[in-house]
Amino acid sequence: MNKQSKEALIAEFSVKLKEAKAAFLADYRGLDVDQANDLRNKLRDAGVEYRVVKNTLLRLASKDTESACLVEYLSGPTSIALVNDDPVAPAKALVEFAKKNEAFELKAGMLDGKLLAIADIKALAELPSRDELLAMMLRTMSAPATNFVGVLAAVPRTFVQALSAIKDQKDAA
């Protein structure tokens, strides 16, 4: 790789790191091609860019970005997953893949400029996704209105039941 292409790659990754909401570093040593492609496909489905990059280039690209906190973890074979949207789905995919493949090892992560340890990434993976959280919030917000409608509907229903009981009593007599 010549100097110009390295500089272009550094500039490209610098922009991507500035735009990223989250980033996850992993050691991919020991994965075969099928496993790596499987991981790439899972992350692509989650809207994540997964790349293998030289540590020195990534170190240079992360200067003046929120991802600078990851520099100390740039040793050995390193892959990076860049997340621009919901960080929960990629965290779930990475943790699940790490459980199935012992060769794949998470190193660290970054979420909104804060360093995430492996335990933090696992905790993030256990959270409900953004869509699930929005659905929970919507149910919570609509519950009072639903309950109010139920109460309003109970009044005429009770009245009709009382009239029906009086009618049944008169018919029996």
# chains A, B, ... in the order shown; residues from 1 in each chain; ligands from 1
>>> residues_around(residues="stretch 106-109 of chain A", least_positions_apart="2", cutoff="6 Å", atoms="only C-alpha atoms", output="list of chain:residue names")
A:Ala23, A:Phe24, A:Leu25, A:Ala26, A:Leu115, A:Leu116, A:Ala117, A:Ile118
>>> write_last_selection(atoms="C-alpha atoms", output="compact mmCIF listing (two decimals), in the first residue's frame")
# COMPACT_ATOMS: atom_id res chain seq x y z
CA ALA A 23 -17.43 1.42 17.58
CA PHE A 24 -16.40 -2.05 18.69
CA LEU A 25 -12.90 -3.56 18.44
CA ALA A 26 -12.31 -7.29 18.20
CA LEU A 115 -15.00 3.68 26.59
CA LEU A 116 -16.86 0.37 26.98
CA ALA A 117 -15.25 -2.66 28.59
CA ILE A 118 -16.27 -6.15 27.51
>>> select_by_dssp(residues="stretch 16-132 of chain A", states="alpha helix (DSSP H)", output="ChimeraX atom specification")
/A:16-19,33-45,55-61,88-100,118-126,130-132
>>> write_last_selection(atoms="C-alpha atoms", output="CSV table (one decimal), in the first residue's frame")
chain,number,residue,atom,x,y,z
A,16,LYS,CA,-16.3,7.5,9.6
A,17,LEU,CA,-15.0,7.6,13.2
A,18,LYS,CA,-16.3,11.2,13.7
A,19,GLU,CA,-19.7,10.2,12.4
A,33,VAL,CA,-13.3,-17.3,5.8
A,34,ASP,CA,-16.8,-18.7,6.3
A,35,GLN,CA,-17.0,-17.5,9.9
A,36,ALA,CA,-15.7,-14.1,8.9
A,37,ASN,CA,-18.3,-13.8,6.1
A,38,ASP,CA,-21.0,-15.0,8.5
A,39,LEU,CA,-20.1,-12.2,10.9
A,40,ARG,CA,-19.9,-9.6,8.2
A,41,ASN,CA,-23.4,-10.6,6.9
A,42,LYS,CA,-24.9,-10.4,10.4
A,43,LEU,CA,-23.4,-7.0,11.0
A,44,ARG,CA,-24.4,-5.7,7.6
A,45,ASP,CA,-28.0,-6.8,8.3
A,55,ASN,CA,-3.6,-0.6,13.9
A,56,THR,CA,-1.2,2.3,12.9
A,57,LEU,CA,-3.7,3.6,10.3
A,58,LEU,CA,-6.6,3.3,12.8
A,59,ARG,CA,-4.5,5.0,15.5
A,60,LEU,CA,-3.8,8.0,13.1
A,61,ALA,CA,-7.4,8.1,12.0
A,88,VAL,CA,-27.8,-2.5,20.7
A,89,ALA,CA,-28.3,-4.7,17.6
A,90,PRO,CA,-24.6,-4.8,16.6
A,91,ALA,CA,-23.6,-5.4,20.2
A,92,LYS,CA,-26.0,-8.3,20.4
A,93,ALA,CA,-24.6,-9.7,17.1
A,94,LEU,CA,-21.0,-9.4,18.2
A,95,VAL,CA,-21.6,-10.9,21.7
A,96,GLU,CA,-23.6,-13.8,20.2
A,97,PHE,CA,-20.9,-14.4,17.6
A,98,ALA,CA,-18.2,-14.4,20.3
A,99,LYS,CA,-20.1,-17.0,22.3
A,100,LYS,CA,-20.4,-19.3,19.3
A,118,ILE,CA,-16.3,-6.2,27.5
A,119,ALA,CA,-18.7,-6.4,30.4
A,120,ASP,CA,-20.3,-3.1,29.3
A,121,ILE,CA,-20.7,-4.4,25.7
A,122,LYS,CA,-22.4,-7.5,27.1
A,123,ALA,CA,-24.7,-5.4,29.2
A,124,LEU,CA,-25.5,-3.3,26.1
A,125,ALA,CA,-26.3,-6.4,24.2
A,126,GLU,CA,-28.9,-7.4,26.9
A,130,ARG,CA,-34.5,0.8,20.0
A,131,ASP,CA,-37.7,-0.4,18.3
A,132,GLU,CA,-38.7,-2.5,21.3
>>> closest_residue(among="A:Ala135, A:Ala46, A:Leu111, A:Val53", to="A:Ala20", atoms="only C-alpha atoms")
A:Leu111
>>> select_by_dssp(residues="chain A", states="strand (DSSP E or B)", output="ChimeraX atom specification")
/A:22-27,48-52,79-83,105-111,114-116
>>> atom_distance(atom1="atom CA of A:Lys3", atom2="atom CA of A:Ser62")
18.0 Å
>>> atom_distance(atom1="atom CA of A:Asp27", atom2="atom CA of A:Ser129")
25.2 Å
>>> atom_distance(atom1="atom CA of A:Thr65", atom2="atom CA of A:Gly47")
21.1 Å
>>> closest_residue(among="A:Leu31, A:Ala81, A:Ala68, A:Leu138", to="A:Val52", atoms="only C-alpha atoms")
A:Ala81
>>> closest_residue(among="A:Met136, A:Ala103, A:Ala11, A:Ala153", to="A:Tyr28", atoms="only C-alpha atoms")
A:Ala103
